[in-house]
Every structure is written in C-alpha cells, then in structure tokens.
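One file, entry_12.pdb, carrying PDB, C-alpha atoms:
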```pdb
ATOM      1  CA  MET A   1     -56.007  -0.617  -7.185
ATOM      2  CA  ASN A   2     -58.105  -1.633  -4.200
ATOM      3  CA  ARG A   3     -61.151  -0.051  -5.844
ATOM      4  CA  PHE A   4     -60.657  -2.245  -8.906
ATOM      5  CA  LEU A   5     -60.286  -5.338  -6.723
ATOM      6  CA  ARG A   6     -63.522  -4.518  -4.912
ATOM      7  CA  ASN A   7     -65.303  -3.943  -8.215
ATOM      8  CA  PRO A   8     -63.409  -5.832 -10.974
ATOM      9  CA  THR A   9     -65.958  -4.951 -13.670
ATOM     10  CA  ARG A  10     -64.487  -1.421 -13.656
ATOM     11  CA  MET A  11     -61.324  -2.877 -15.179
ATOM     12  CA  PHE A  12     -63.333  -3.772 -18.280
ATOM     13  CA  TYR A  13     -65.942  -1.077 -18.874
ATOM     14  CA  GLN A  14     -63.977   2.042 -17.864
ATOM     15  CA  PRO A  15     -61.285   1.638 -20.566
ATOM     16  CA  ILE A  16     -64.003   0.947 -23.146
ATOM     17  CA  ILE A  17     -65.946   4.063 -22.137
ATOM     18  CA  GLY A  18     -62.747   6.114 -22.218
ATOM     19  CA  PHE A  19     -61.857   4.829 -25.694
ATOM     20  CA  LEU A  20     -65.354   5.543 -27.053
ATOM     21  CA  ALA A  21     -65.305   9.060 -25.586
ATOM     22  CA  PHE A  22     -61.881   9.719 -27.123
ATOM     23  CA  ALA A  23     -62.988   8.308 -30.496
ATOM     24  CA  GLY A  24     -66.140  10.441 -30.472
ATOM     25  CA  LEU A  25     -64.160  13.575 -29.634
ATOM     26  CA  ALA A  26     -61.654  12.772 -32.364
ATOM     27  CA  LEU A  27     -64.434  12.383 -34.943
ATOM     28  CA  ILE A  28     -66.004  15.717 -33.932
ATOM     29  CA  LEU A  29     -62.666  17.508 -34.182
ATOM     30  CA  TYR A  30     -61.987  15.923 -37.572
ATOM     31  CA  ALA A  31     -65.440  16.982 -38.806
ATOM     32  CA  ILE A  32     -64.756  20.563 -37.688
ATOM     33  CA  TRP A  33     -61.367  20.446 -39.416
ATOM     34  CA  LEU A  34     -63.021  19.358 -42.674
ATOM     35  CA  CYS A  35     -65.556  22.177 -42.410
ATOM     36  CA  LEU A  36     -62.788  24.759 -42.097
ATOM     37  CA  HIS A  37     -61.040  23.621 -45.272
ATOM     38  CA  ASN A  38     -61.903  23.411 -48.952
ATOM     39  CA  ILE A  39     -61.794  19.723 -49.905
ATOM     40  CA  SER A  40     -63.409  18.671 -53.183
ATOM     41  CA  LEU A  41     -62.705  15.492 -55.120
ATOM     42  CA  MET A  42     -63.569  17.373 -58.336
ATOM     43  CA  ASN A  43     -60.973  20.069 -57.689
ATOM     44  CA  ALA A  44     -57.326  19.451 -58.484
ATOM     45  CA  LYS A  45     -56.216  22.424 -56.372
ATOM     46  CA  PRO A  46     -54.497  21.685 -53.048
ATOM     47  CA  MET A  47     -56.515  21.813 -49.859
ATOM     48  CA  GLN A  48     -56.951  25.328 -48.504
ATOM     49  CA  PHE A  49     -57.997  26.739 -45.156
ATOM     50  CA  VAL A  50     -61.192  28.750 -45.733
ATOM     51  CA  GLY A  51     -62.337  29.414 -42.170
ATOM     52  CA  LEU A  52     -66.093  29.876 -41.871
ATOM     53  CA  ASN A  53     -66.685  30.228 -45.610
ATOM     54  CA  ASN A  54     -68.561  26.931 -45.779
ATOM     55  CA  PHE A  55     -70.930  28.037 -43.025
ATOM     56  CA  GLN A  56     -71.477  31.386 -44.773
ATOM     57  CA  ARG A  57     -72.222  29.488 -47.960
ATOM     58  CA  LEU A  58     -74.773  27.354 -46.127
ATOM     59  CA  ALA A  59     -76.469  30.455 -44.707
ATOM     60  CA  THR A  60     -77.156  31.707 -48.241
ATOM     61  CA  ASP A  61     -77.832  28.309 -49.822
ATOM     62  CA  TRP A  62     -81.546  28.438 -50.581
ATOM     63  CA  ARG A  63     -81.701  24.735 -51.479
ATOM     64  CA  GLY A  64     -80.065  23.773 -48.191
ATOM     65  CA  LEU A  65     -82.381  26.030 -46.177
ATOM     66  CA  GLN A  66     -85.429  24.559 -47.908
ATOM     67  CA  ALA A  67     -84.148  21.059 -47.146
ATOM     68  CA  LEU A  68     -83.750  22.055 -43.490
ATOM     69  CA  GLY A  69     -87.334  23.351 -43.436
ATOM     70  CA  ARG A  70     -88.632  20.068 -44.856
ATOM     71  CA  THR A  71     -86.629  18.157 -42.273
ATOM     72  CA  ILE A  72     -88.123  20.185 -39.421
ATOM     73  CA  LEU A  73     -91.639  19.780 -40.836
ATOM     74  CA  PHE A  74     -91.179  16.032 -41.213
ATOM     75  CA  VAL A  75     -89.783  15.623 -37.685
ATOM     76  CA  VAL A  76     -92.593  17.641 -36.071
ATOM     77  CA  LEU A  77     -95.377  15.851 -37.961
ATOM     78  CA  ALA A  78     -93.907  12.368 -37.595
ATOM     79  CA  THR A  79     -93.194  12.683 -33.864
ATOM     80  CA  THR A  80     -96.549  14.302 -33.026
ATOM     81  CA  ILE A  81     -98.693  11.873 -35.028
ATOM     82  CA  GLU A  82     -96.776   8.799 -33.892
ATOM     83  CA  ILE A  83     -97.092   9.775 -30.231
ATOM     84  CA  GLY A  84    -100.839  10.468 -30.599
ATOM     85  CA  LEU A  85    -101.569   7.275 -32.530
ATOM     86  CA  GLY A  86     -99.327   5.254 -30.248
ATOM     87  CA  ILE A  87    -101.254   6.376 -27.161
ATOM     88  CA  ALA A  88    -104.624   5.646 -28.786
ATOM     89  CA  ILE A  89    -103.598   2.171 -29.957
ATOM     90  CA  ALA A  90    -101.981   1.318 -26.616
ATOM     91  CA  LEU A  91    -105.149   2.349 -24.745
ATOM     92  CA  PHE A  92    -107.204   0.172 -27.101
ATOM     93  CA  LEU A  93    -104.888  -2.815 -26.623
ATOM     94  CA  ASP A  94    -105.063  -2.341 -22.854
ATOM     95  CA  GLN A  95    -108.697  -3.463 -22.975
ATOM     96  CA  GLU A  96    -109.767  -7.089 -22.815
ATOM     97  CA  PHE A  97    -111.135  -8.549 -26.058
ATOM     98  CA  ARG A  98    -110.940 -11.763 -28.042
ATOM     99  CA  GLY A  99    -107.787 -12.062 -30.138
ATOM    100  CA  LYS A 100    -105.921  -9.459 -28.120
ATOM    101  CA  LYS A 101    -102.605 -11.345 -28.163
ATOM    102  CA  PHE A 102    -102.774 -11.824 -31.920
ATOM    103  CA  VAL A 103    -103.512  -8.141 -32.537
ATOM    104  CA  ARG A 104    -100.661  -7.091 -30.259
ATOM    105  CA  ALA A 105     -98.255  -9.337 -32.144
ATOM    106  CA  VAL A 106     -99.369  -8.196 -35.601
ATOM    107  CA  ILE A 107     -99.261  -4.489 -34.783
ATOM    108  CA  LEU A 108     -95.570  -4.737 -33.904
ATOM    109  CA  VAL A 109     -94.584  -6.317 -37.237
ATOM    110  CA  PRO A 110     -93.829  -3.007 -39.072
ATOM    111  CA  MET A 111     -91.213  -2.090 -36.485
ATOM    112  CA  ILE A 112     -89.321  -5.318 -37.220
ATOM    113  CA  MET A 113     -89.034  -4.600 -40.963
ATOM    114  CA  THR A 114     -85.922  -2.851 -42.235
ATOM    115  CA  PRO A 115     -86.498   0.666 -43.622
ATOM    116  CA  VAL A 116     -85.401  -0.479 -47.096
ATOM    117  CA  ILE A 117     -88.037  -3.227 -47.249
ATOM    118  CA  ALA A 118     -90.653  -0.868 -45.815
ATOM    119  CA  GLY A 119     -89.752   1.795 -48.379
ATOM    120  CA  LEU A 120     -89.966  -0.646 -51.302
ATOM    121  CA  THR A 121     -93.301  -1.968 -50.058
ATOM    122  CA  TRP A 122     -94.852   1.478 -49.784
ATOM    123  CA  ARG A 123     -93.363   2.590 -53.100
ATOM    124  CA  PHE A 124     -95.198  -0.284 -54.814
ATOM    125  CA  LEU A 125     -98.396   0.424 -52.880
ATOM    126  CA  PHE A 126     -98.324   4.118 -53.851
ATOM    127  CA  ASN A 127     -97.420   3.493 -57.494
ATOM    128  CA  ALA A 128     -99.588   5.800 -59.618
ATOM    129  CA  GLN A 129    -100.326   3.205 -62.321
ATOM    130  CA  SER A 130    -100.401  -0.181 -60.607
ATOM    131  CA  GLY A 131    -100.395   0.556 -56.876
ATOM    132  CA  MET A 132    -102.967  -0.991 -54.568
ATOM    133  CA  ILE A 133    -103.777   2.354 -52.922
ATOM    134  CA  ASN A 134    -105.102   3.851 -56.159
ATOM    135  CA  TYR A 135    -106.920   0.608 -56.949
ATOM    136  CA  TRP A 136    -108.736   0.684 -53.607
ATOM    137  CA  LEU A 137    -109.599   4.349 -54.132
ATOM    138  CA  SER A 138    -110.962   3.607 -57.618
ATOM    139  CA  THR A 139    -113.421   1.140 -56.133
ATOM    140  CA  VAL A 140    -115.118   4.034 -54.330
ATOM    141  CA  GLY A 141    -114.984   6.392 -57.307
ATOM    142  CA  ILE A 142    -111.855   8.414 -56.418
ATOM    143  CA  ALA A 143    -109.564   9.294 -59.315
ATOM    144  CA  PRO A 144    -105.949   7.996 -59.232
ATOM    145  CA  ILE A 145    -103.442  10.164 -57.372
ATOM    146  CA  ASP A 146     -99.776  10.477 -58.261
ATOM    147  CA  TRP A 147     -98.627   9.964 -54.691
ATOM    148  CA  LEU A 148     -94.881  10.001 -55.319
ATOM    149  CA  GLY A 149     -94.875  12.237 -58.414
ATOM    150  CA  ASN A 150     -96.843  15.197 -57.087
ATOM    151  CA  PRO A 151     -94.610  17.738 -55.277
ATOM    152  CA  ASN A 152     -97.532  18.744 -53.042
ATOM    153  CA  VAL A 153     -98.202  15.181 -51.876
ATOM    154  CA  ALA A 154     -94.894  13.282 -51.972
ATOM    155  CA  LEU A 155     -93.543  14.422 -48.585
ATOM    156  CA  TYR A 156     -96.738  13.397 -46.800
ATOM    157  CA  THR A 157     -96.704  10.067 -48.630
ATOM    158  CA  VAL A 158     -93.285   9.293 -47.153
ATOM    159  CA  LEU A 159     -94.638  10.504 -43.814
ATOM    160  CA  VAL A 160     -97.384   7.861 -43.983
ATOM    161  CA  ALA A 161     -94.762   5.147 -44.437
ATOM    162  CA  ASP A 162     -92.726   6.418 -41.477
ATOM    163  CA  ILE A 163     -95.818   6.602 -39.250
ATOM    164  CA  TRP A 164     -96.806   3.060 -40.236
ATOM    165  CA  GLN A 165     -93.371   1.700 -39.384
ATOM    166  CA  TRP A 166     -92.573   3.517 -36.145
ATOM    167  CA  THR A 167     -95.893   4.071 -34.386
ATOM    168  CA  PRO A 168     -95.591   0.482 -33.021
ATOM    169  CA  PHE A 169     -92.474   1.609 -31.142
ATOM    170  CA  VAL A 170     -94.538   4.148 -29.206
ATOM    171  CA  VAL A 171     -97.275   1.527 -28.722
ATOM    172  CA  LEU A 172     -94.736  -0.886 -27.239
ATOM    173  CA  LEU A 173     -93.423   1.645 -24.713
ATOM    174  CA  ALA A 174     -96.905   2.860 -23.792
ATOM    175  CA  MET A 175     -98.251  -0.679 -23.292
ATOM    176  CA  ALA A 176     -95.348  -1.560 -21.009
ATOM    177  CA  THR A 177     -96.174   1.462 -18.838
ATOM    178  CA  LEU A 178     -99.945   0.856 -18.886
ATOM    179  CA  GLU A 179     -99.455  -2.642 -17.506
ATOM    180  CA  ASN A 180     -97.716  -1.155 -14.448
ATOM    181  CA  ILE A 181    -100.349   1.481 -13.716
ATOM    182  CA  PRO A 182    -102.257   0.565 -10.509
ATOM    183  CA  LYS A 183    -105.703  -0.525 -11.597
ATOM    184  CA  ASP A 184    -107.250   0.557  -8.305
ATOM    185  CA  MET A 185    -106.527   4.226  -9.133
ATOM    186  CA  VAL A 186    -108.337   3.913 -12.457
ATOM    187  CA  GLU A 187    -111.266   2.093 -10.869
ATOM    188  CA  ALA A 188    -111.482   4.659  -8.061
ATOM    189  CA  ALA A 189    -111.710   7.475 -10.608
ATOM    190  CA  ARG A 190    -114.488   5.653 -12.435
ATOM    191  CA  MET A 191    -116.386   5.006  -9.205
ATOM    192  CA  ASP A 192    -116.183   8.735  -8.449
ATOM    193  CA  GLY A 193    -118.135   9.330 -11.638
ATOM    194  CA  ALA A 194    -115.304  10.359 -13.955
ATOM    195  CA  SER A 195    -115.930   9.718 -17.641
ATOM    196  CA  GLU A 196    -113.515   7.602 -19.658
ATOM    197  CA  LEU A 197    -112.086  10.731 -21.257
ATOM    198  CA  ARG A 198    -111.416  12.296 -17.852
ATOM    199  CA  VAL A 199    -109.858   9.059 -16.597
ATOM    200  CA  VAL A 200    -107.496   9.021 -19.562
ATOM    201  CA  TRP A 201    -106.664  12.733 -19.321
ATOM    202  CA  HIS A 202    -106.293  13.105 -15.540
ATOM    203  CA  VAL A 203    -105.149   9.644 -14.430
ATOM    204  CA  ILE A 204    -103.549   7.640 -17.231
ATOM    205  CA  LEU A 205    -101.752  10.303 -19.283
ATOM    206  CA  PRO A 206     -99.930  11.860 -16.285
ATOM    207  CA  MET A 207     -98.552   8.411 -15.497
ATOM    208  CA  LEU A 208     -97.505   7.992 -19.127
ATOM    209  CA  ARG A 209     -95.756  11.362 -19.270
ATOM    210  CA  ARG A 210     -92.251  10.051 -18.601
ATOM    211  CA  THR A 211     -92.605   7.224 -21.108
ATOM    212  CA  LEU A 212     -94.064   9.499 -23.775
ATOM    213  CA  ALA A 213     -91.336  12.103 -23.249
ATOM    214  CA  ILE A 214     -88.658   9.454 -23.763
ATOM    215  CA  ALA A 215     -90.510   8.091 -26.805
ATOM    216  CA  ALA A 216     -90.783  11.604 -28.265
ATOM    217  CA  LEU A 217     -87.055  12.208 -27.826
ATOM    218  CA  ILE A 218     -86.127   8.901 -29.461
ATOM    219  CA  ARG A 219     -88.542   9.348 -32.347
ATOM    220  CA  ALA A 220     -87.439  12.945 -32.932
ATOM    221  CA  ILE A 221     -83.816  11.810 -33.152
ATOM    222  CA  ASP A 222     -84.695   8.966 -35.527
ATOM    223  CA  SER A 223     -86.846  11.251 -37.692
ATOM    224  CA  VAL A 224     -83.990  13.714 -38.106
ATOM    225  CA  LYS A 225     -81.773  10.849 -39.285
ATOM    226  CA  ALA A 226     -84.417   9.477 -41.689
ATOM    227  CA  PHE A 227     -82.733   8.639 -44.968
ATOM    228  CA  ASP A 228     -83.667   5.133 -46.123
ATOM    229  CA  LEU A 229     -87.372   5.779 -46.708
ATOM    230  CA  PHE A 230     -86.744   9.003 -48.604
ATOM    231  CA  TYR A 231     -83.999   7.527 -50.748
ATOM    232  CA  ILE A 232     -85.933   4.363 -51.615
ATOM    233  CA  MET A 233     -89.311   6.017 -52.214
ATOM    234  CA  THR A 234     -88.469   9.356 -53.871
ATOM    235  CA  LYS A 235     -84.689  10.039 -53.904
ATOM    236  CA  GLY A 236     -85.597  13.607 -52.951
ATOM    237  CA  GLY A 237     -88.008  14.209 -55.824
ATOM    238  CA  PRO A 238     -90.132  15.251 -57.459
ATOM    239  CA  ALA A 239     -88.663  18.736 -57.941
ATOM    240  CA  LEU A 240     -86.738  18.386 -54.650
ATOM    241  CA  SER A 241     -90.052  18.336 -52.741
ATOM    242  CA  THR A 242     -88.856  15.516 -50.463
ATOM    243  CA  GLU A 243     -85.190  16.455 -50.248
ATOM    244  CA  THR A 244     -84.322  16.602 -46.561
ATOM    245  CA  GLN A 245     -81.072  17.866 -45.095
ATOM    246  CA  ASN A 246     -79.656  14.330 -45.027
ATOM    247  CA  LEU A 247     -80.465  13.751 -48.692
ATOM    248  CA  TYR A 248     -79.021  17.126 -49.637
ATOM    249  CA  GLY A 249     -75.806  16.362 -47.772
ATOM    250  CA  TYR A 250     -75.648  12.961 -49.485
ATOM    251  CA  THR A 251     -76.038  14.618 -52.906
ATOM    252  CA  VAL A 252     -73.353  17.190 -52.166
ATOM    253  CA  ALA A 253     -70.935  14.492 -50.975
ATOM    254  CA  PHE A 254     -71.498  11.675 -53.480
ATOM    255  CA  THR A 255     -72.738  13.536 -56.565
ATOM    256  CA  ASN A 256     -70.892  16.854 -56.362
ATOM    257  CA  PHE A 257     -67.995  15.349 -54.339
ATOM    258  CA  ASP A 258     -67.763  18.522 -52.267
ATOM    259  CA  ILE A 259     -66.612  16.837 -49.064
ATOM    260  CA  SER A 260     -66.088  19.937 -46.928
ATOM    261  CA  TYR A 261     -69.474  21.453 -47.721
ATOM    262  CA  ALA A 262     -71.226  18.117 -47.178
ATOM    263  CA  MET A 263     -69.584  17.843 -43.763
ATOM    264  CA  THR A 264     -70.666  21.420 -42.994
ATOM    265  CA  ILE A 265     -74.282  20.477 -43.779
ATOM    266  CA  ALA A 266     -74.049  17.399 -41.539
ATOM    267  CA  LEU A 267     -72.414  19.309 -38.683
ATOM    268  CA  PHE A 268     -74.963  22.130 -38.906
ATOM    269  CA  LEU A 269     -77.834  19.622 -38.782
ATOM    270  CA  THR A 270     -76.218  17.971 -35.759
ATOM    271  CA  ILE A 271     -75.940  21.307 -33.942
ATOM    272  CA  VAL A 272     -79.539  22.297 -34.731
ATOM    273  CA  THR A 273     -80.800  18.855 -33.662
ATOM    274  CA  ASN A 274     -78.968  18.950 -30.341
ATOM    275  CA  MET A 275     -80.222  22.446 -29.579
ATOM    276  CA  ALA A 276     -83.816  21.412 -30.352
ATOM    277  CA  LEU A 277     -83.510  18.267 -28.241
ATOM    278  CA  LEU A 278     -82.142  20.259 -25.312
ATOM    279  CA  VAL A 279     -85.201  22.530 -25.484
ATOM    280  CA  LEU A 280     -87.507  19.504 -25.749
ATOM    281  CA  ASN A 281     -85.740  17.863 -22.827
ATOM    282  CA  ARG A 282     -86.115  21.043 -20.767
ATOM    283  CA  PHE A 283     -89.844  21.474 -21.284
ATOM    284  CA  ALA A 284     -91.139  17.965 -21.999
ATOM    285  CA  MET A 285     -89.127  15.651 -19.756
ATOM    286  CA  PRO A 286     -90.149  15.185 -16.115
ATOM    287  CA  LYS A 287     -87.646  16.505 -13.586
ATOM    288  CA  GLY A 288     -86.693  13.024 -12.469
ATOM    289  CA  VAL A 289     -85.563  12.091 -15.986
ATOM    290  CA  ARG A 290     -83.388  15.128 -16.783
TER
END
```

Please express the file's structure as structure tokens.
Amino acid sequence: MNRFLRNPTRMFYQPIIGFLAFAGLALILYAIWLCLHNISLMNAKPMQFVGLNNFQRLATDWRGLQALGRTILFVVLATTIEIGLGIAIALFLDQEFRGKKFVRAVILVPMIMTPVIAGLTWRFLFNAQSGMINYWLSTVGIAPIDWLGNPNVALYTVLVADIWQWTPFVVLLAMATLENIPKDMVEAARMDGASELRVVWHVILPMLRRTLAIAALIRAIDSVKAFDLFYIMTKGGPALSTETQNLYGYTVAFTNFDISYAMTIALFLTIVTNMALLVLNRFAMPKGVR
C-alpha cells in the first residue's frame, strides 16, 4: 500500500495493463481452441474436435502456400524499398534549399491519407482505359499497360501504391534523427577529405542505424497486415496473383464461412511473422534497443 501512496499512478495503469494482458491471452487461447475444432457456418453438423487437422490441411493447401509466398515477397520488397527511398529523401531534405518547408510538408501528405482513399486513388490512376498513368505513357509513345489486370504486373502495381503511402513514414523518422546528428562530426569528415558518399556511409548511416531498424520492424509488421490496398485495388485478382495470406483468410472466413480454417490461416501467419521479426530483431537491431 505504501508503494501505491508513493506512486499513485500505479493504481491506475497497473490494473489496465493486467486487464489488457489477460484479454490478449484469452483471445490467443480462444483462437487456438477454434483451430482445434471444425466450425463451419455452411455445415449443419455439430462442432467436432479435429486436433491438428486444420494445420495439416494448411500444409497441403497449395493456394494458401502461394498466398504466403506472395505475402513474404510483398513484405520484403515494400520494407526494403521504403527504407532505401526514405533514407535518400531524408538526406535530400536535410539540405538547405528554397521551399524546403513546403516540400517537407507535401511529402508527408500520403501518410495522412487512409488506405481506402489511397487505394481508390491509385486504382483510378492505373485504370487500363482511362487512367492517367497510361495517358502519360502514351505521350511518350508507350503502349497502354493493363496494370491491375495483368497477373505478372498487378502485385507490383499494389506495391507502388504502398511505397507511395508509407515511404514518408521512414522519411519522418530519418529526418528527426538527422536533425540530432552533431554537425561538427559531418564537417570534420568532409575537412578530412571524405567524399559525400563516404560521409553518408561511414558517418550518417551508422547514426541512423537504430532509427532505421525500428522503422524496418514497424513497416514489416504493417506490410504483413496489408489488406485495404489489396482489397480496394484488386480483391486478390487477377487469377489470384495478388491474393495475400490476409486476403485468403478473409475469403475462407466470409465467402466459404469456414471459421476454423480461417483462424488457422491467421494464427499460422501470426506465428510466422513473429518468428521472422525475432530474427530481424536479433540481427538488425542495435544491442541497446533489444
């Protein structure tokens, strides 16, 4: 009791943390319980305990495995490109030039837009018949491209939209760190004859490592959860070429009404994501952040 009197805020946040932890544990246990049973809204039979049958089904489900592969590909490409572009743009905005404040404000606009609005905007831009992208390409003699209807192109088209919307997040974090980097260290490196590339590689990037590692973790998590852009722009088509694990789970749950199998897909994706993030945290995060 004396501890609470010395620090009364504990009386408020500790019960809340305890409740959230209990609720999270309860949800995980309920998800596992669903995975171990056969629950389908299209099946009039009573619920049955099936053990690991749903996981065995997922291991041989070629459509689900392909969706997982697309998810991994999307996460790797989105995170890598967004980190690289974010660093380049942040380094450019760290320079002094006329209109700098305006450019910094405009470049952060995509991050403010909701994914639904962003998806609709890019779907209209990439429209094969009346989209502005094909119109601009036609002005330089390039034939129209079916961006969202070609199975070989559609996934990368959605990737462009995701990069456009979330690269500003990396820019924002990188700029905040760049402003706190001691300028005398950068100037000393330049006075020693180091080129701009060497200054960036040996002085600036090491100081950005912690920020970039955190940004990579956050963007990887968000990319795994990506659903809005895919659903608005392609709904998983054409020919399932943009169907990620989230979209596949959504289809199983709300089209096939196979609740147990949909939960198995979601739980499997959660496990794979956490394992990948633990590896990324082990090798990418600085020791002081782990």

Students should find that atom CA of A:Val170 and atom CA of A:Trp136 are spaced 28.4 Å

Evaluate the PyMOL selection byres ((chain A and resi 238-249) around 8) against this structure - the residues, as number ranges by chain, please.
A: 64, 67-68, 70-71, 148-152, 154-155, 225-227, 230-231, 234-237, 250-253, 262-263, 265-266, 269

Just C-alpha atoms for this one: save the residues we selected as a CSV table (one decimal), keeping the file's coordinate frame.
```
chain,number,residue,atom,x,y,z
A,64,GLY,CA,-80.1,23.8,-48.2
A,67,ALA,CA,-84.1,21.1,-47.1
A,68,LEU,CA,-83.8,22.1,-43.5
A,70,ARG,CA,-88.6,20.1,-44.9
A,71,THR,CA,-86.6,18.2,-42.3
A,148,LEU,CA,-94.9,10.0,-55.3
A,149,GLY,CA,-94.9,12.2,-58.4
A,150,ASN,CA,-96.8,15.2,-57.1
A,151,PRO,CA,-94.6,17.7,-55.3
A,152,ASN,CA,-97.5,18.7,-53.0
A,154,ALA,CA,-94.9,13.3,-52.0
A,155,LEU,CA,-93.5,14.4,-48.6
A,225,LYS,CA,-81.8,10.8,-39.3
A,226,ALA,CA,-84.4,9.5,-41.7
A,227,PHE,CA,-82.7,8.6,-45.0
A,230,PHE,CA,-86.7,9.0,-48.6
A,231,TYR,CA,-84.0,7.5,-50.7
A,234,THR,CA,-88.5,9.4,-53.9
A,235,LYS,CA,-84.7,10.0,-53.9
A,236,GLY,CA,-85.6,13.6,-53.0
A,237,GLY,CA,-88.0,14.2,-55.8
A,250,TYR,CA,-75.6,13.0,-49.5
A,251,THR,CA,-76.0,14.6,-52.9
A,252,VAL,CA,-73.4,17.2,-52.2
A,253,ALA,CA,-70.9,14.5,-51.0
A,262,ALA,CA,-71.2,18.1,-47.2
A,263,MET,CA,-69.6,17.8,-43.8
A,265,ILE,CA,-74.3,20.5,-43.8
A,266,ALA,CA,-74.0,17.4,-41.5
A,269,LEU,CA,-77.8,19.6,-38.8
```

- Query: Written as number ranges by chain, which residues does the PyMOL selection byres ((chain A and resi 55) around 12) give for the file shown?
  - Reply: A: 32, 34-38, 50-54, 56-61, 64, 260-269

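What separates atom CA of A:Asp162 from atom CA of A:Ala78 is a distance of 7.2 Å.
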
The residue from A:Leu208, A:Met233, A:Ala176, A:Ala276 with the smallest atom-to-atom distance to A:Arg123, counting only C-alpha atoms, is A:Met233

Exercise. Nearest to A:Leu277: which of A:Val203, A:Val75, A:Ala128, A:Ile107 is it, counting only C-alpha atoms?
Worked result: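 Closest candidate: A:Val75.
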
As an mmCIF file, in the frame of the given file, could you write out stretch 77-92 of chain A once it has been completed with N, CA, C and O atoms?
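Result saved to selection-v3.cif:
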```cif
data_model
loop_
_atom_site.group_PDB
_atom_site.id
_atom_site.type_symbol
_atom_site.label_atom_id
_atom_site.label_comp_id
_atom_site.auth_asym_id
_atom_site.auth_seq_id
_atom_site.Cartn_x
_atom_site.Cartn_y
_atom_site.Cartn_z
ATOM 1 N N LEU A 77 -94.175 16.616 -37.623
ATOM 2 C CA LEU A 77 -95.377 15.851 -37.961
ATOM 3 C C LEU A 77 -95.233 14.388 -37.568
ATOM 4 O O LEU A 77 -96.157 13.805 -36.976
ATOM 5 N N ALA A 78 -94.099 13.787 -37.889
ATOM 6 C CA ALA A 78 -93.907 12.368 -37.595
ATOM 7 C C ALA A 78 -93.961 12.105 -36.087
ATOM 8 O O ALA A 78 -94.660 11.198 -35.627
ATOM 9 N N THR A 79 -93.235 12.901 -35.316
ATOM 10 C CA THR A 79 -93.194 12.683 -33.864
ATOM 11 C C THR A 79 -94.567 12.906 -33.234
ATOM 12 O O THR A 79 -95.026 12.098 -32.417
ATOM 13 N N THR A 80 -95.245 13.981 -33.612
ATOM 14 C CA THR A 80 -96.549 14.302 -33.026
ATOM 15 C C THR A 80 -97.586 13.237 -33.348
ATOM 16 O O THR A 80 -98.302 12.749 -32.456
ATOM 17 N N ILE A 81 -97.679 12.855 -34.625
ATOM 18 C CA ILE A 81 -98.693 11.873 -35.028
ATOM 19 C C ILE A 81 -98.389 10.504 -34.439
ATOM 20 O O ILE A 81 -99.301 9.790 -33.982
ATOM 21 N N GLU A 82 -97.130 10.119 -34.426
ATOM 22 C CA GLU A 82 -96.776 8.799 -33.892
ATOM 23 C C GLU A 82 -97.050 8.709 -32.393
ATOM 24 O O GLU A 82 -97.500 7.670 -31.904
ATOM 25 N N ILE A 83 -96.791 9.783 -31.667
ATOM 26 C CA ILE A 83 -97.092 9.775 -30.231
ATOM 27 C C ILE A 83 -98.605 9.687 -30.011
ATOM 28 O O ILE A 83 -99.092 8.896 -29.198
ATOM 29 N N GLY A 84 -99.383 10.494 -30.753
ATOM 30 C CA GLY A 84 -100.839 10.468 -30.599
ATOM 31 C C GLY A 84 -101.437 9.124 -30.968
ATOM 32 O O GLY A 84 -102.254 8.565 -30.213
ATOM 33 N N LEU A 85 -101.055 8.581 -32.118
ATOM 34 C CA LEU A 85 -101.569 7.275 -32.530
ATOM 35 C C LEU A 85 -101.110 6.177 -31.586
ATOM 36 O O LEU A 85 -101.871 5.251 -31.272
ATOM 37 N N GLY A 86 -99.858 6.274 -31.147
ATOM 38 C CA GLY A 86 -99.327 5.254 -30.248
ATOM 39 C C GLY A 86 -100.104 5.176 -28.945
ATOM 40 O O GLY A 86 -100.402 4.091 -28.441
ATOM 41 N N ILE A 87 -100.457 6.352 -28.391
ATOM 42 C CA ILE A 87 -101.254 6.376 -27.161
ATOM 43 C C ILE A 87 -102.624 5.753 -27.399
ATOM 44 O O ILE A 87 -103.102 4.916 -26.615
ATOM 45 N N ALA A 88 -103.277 6.155 -28.501
ATOM 46 C CA ALA A 88 -104.624 5.646 -28.786
ATOM 47 C C ALA A 88 -104.625 4.133 -28.969
ATOM 48 O O ALA A 88 -105.483 3.424 -28.428
ATOM 49 N N ILE A 89 -103.661 3.615 -29.714
ATOM 50 C CA ILE A 89 -103.598 2.171 -29.957
ATOM 51 C C ILE A 89 -103.263 1.422 -28.671
ATOM 52 O O ILE A 89 -103.828 0.362 -28.388
ATOM 53 N N ALA A 90 -102.342 1.973 -27.876
ATOM 54 C CA ALA A 90 -101.981 1.318 -26.616
ATOM 55 C C ALA A 90 -103.173 1.266 -25.661
ATOM 56 O O ALA A 90 -103.390 0.260 -24.981
ATOM 57 N N LEU A 91 -103.954 2.346 -25.594
ATOM 58 C CA LEU A 91 -105.149 2.349 -24.745
ATOM 59 C C LEU A 91 -106.167 1.321 -25.235
ATOM 60 O O LEU A 91 -106.837 0.656 -24.431
ATOM 61 N N PHE A 92 -106.295 1.184 -26.557
ATOM 62 C CA PHE A 92 -107.204 0.172 -27.101
ATOM 63 C C PHE A 92 -106.724 -1.239 -26.760
ATOM 64 O O PHE A 92 -107.526 -2.094 -26.348
#
```
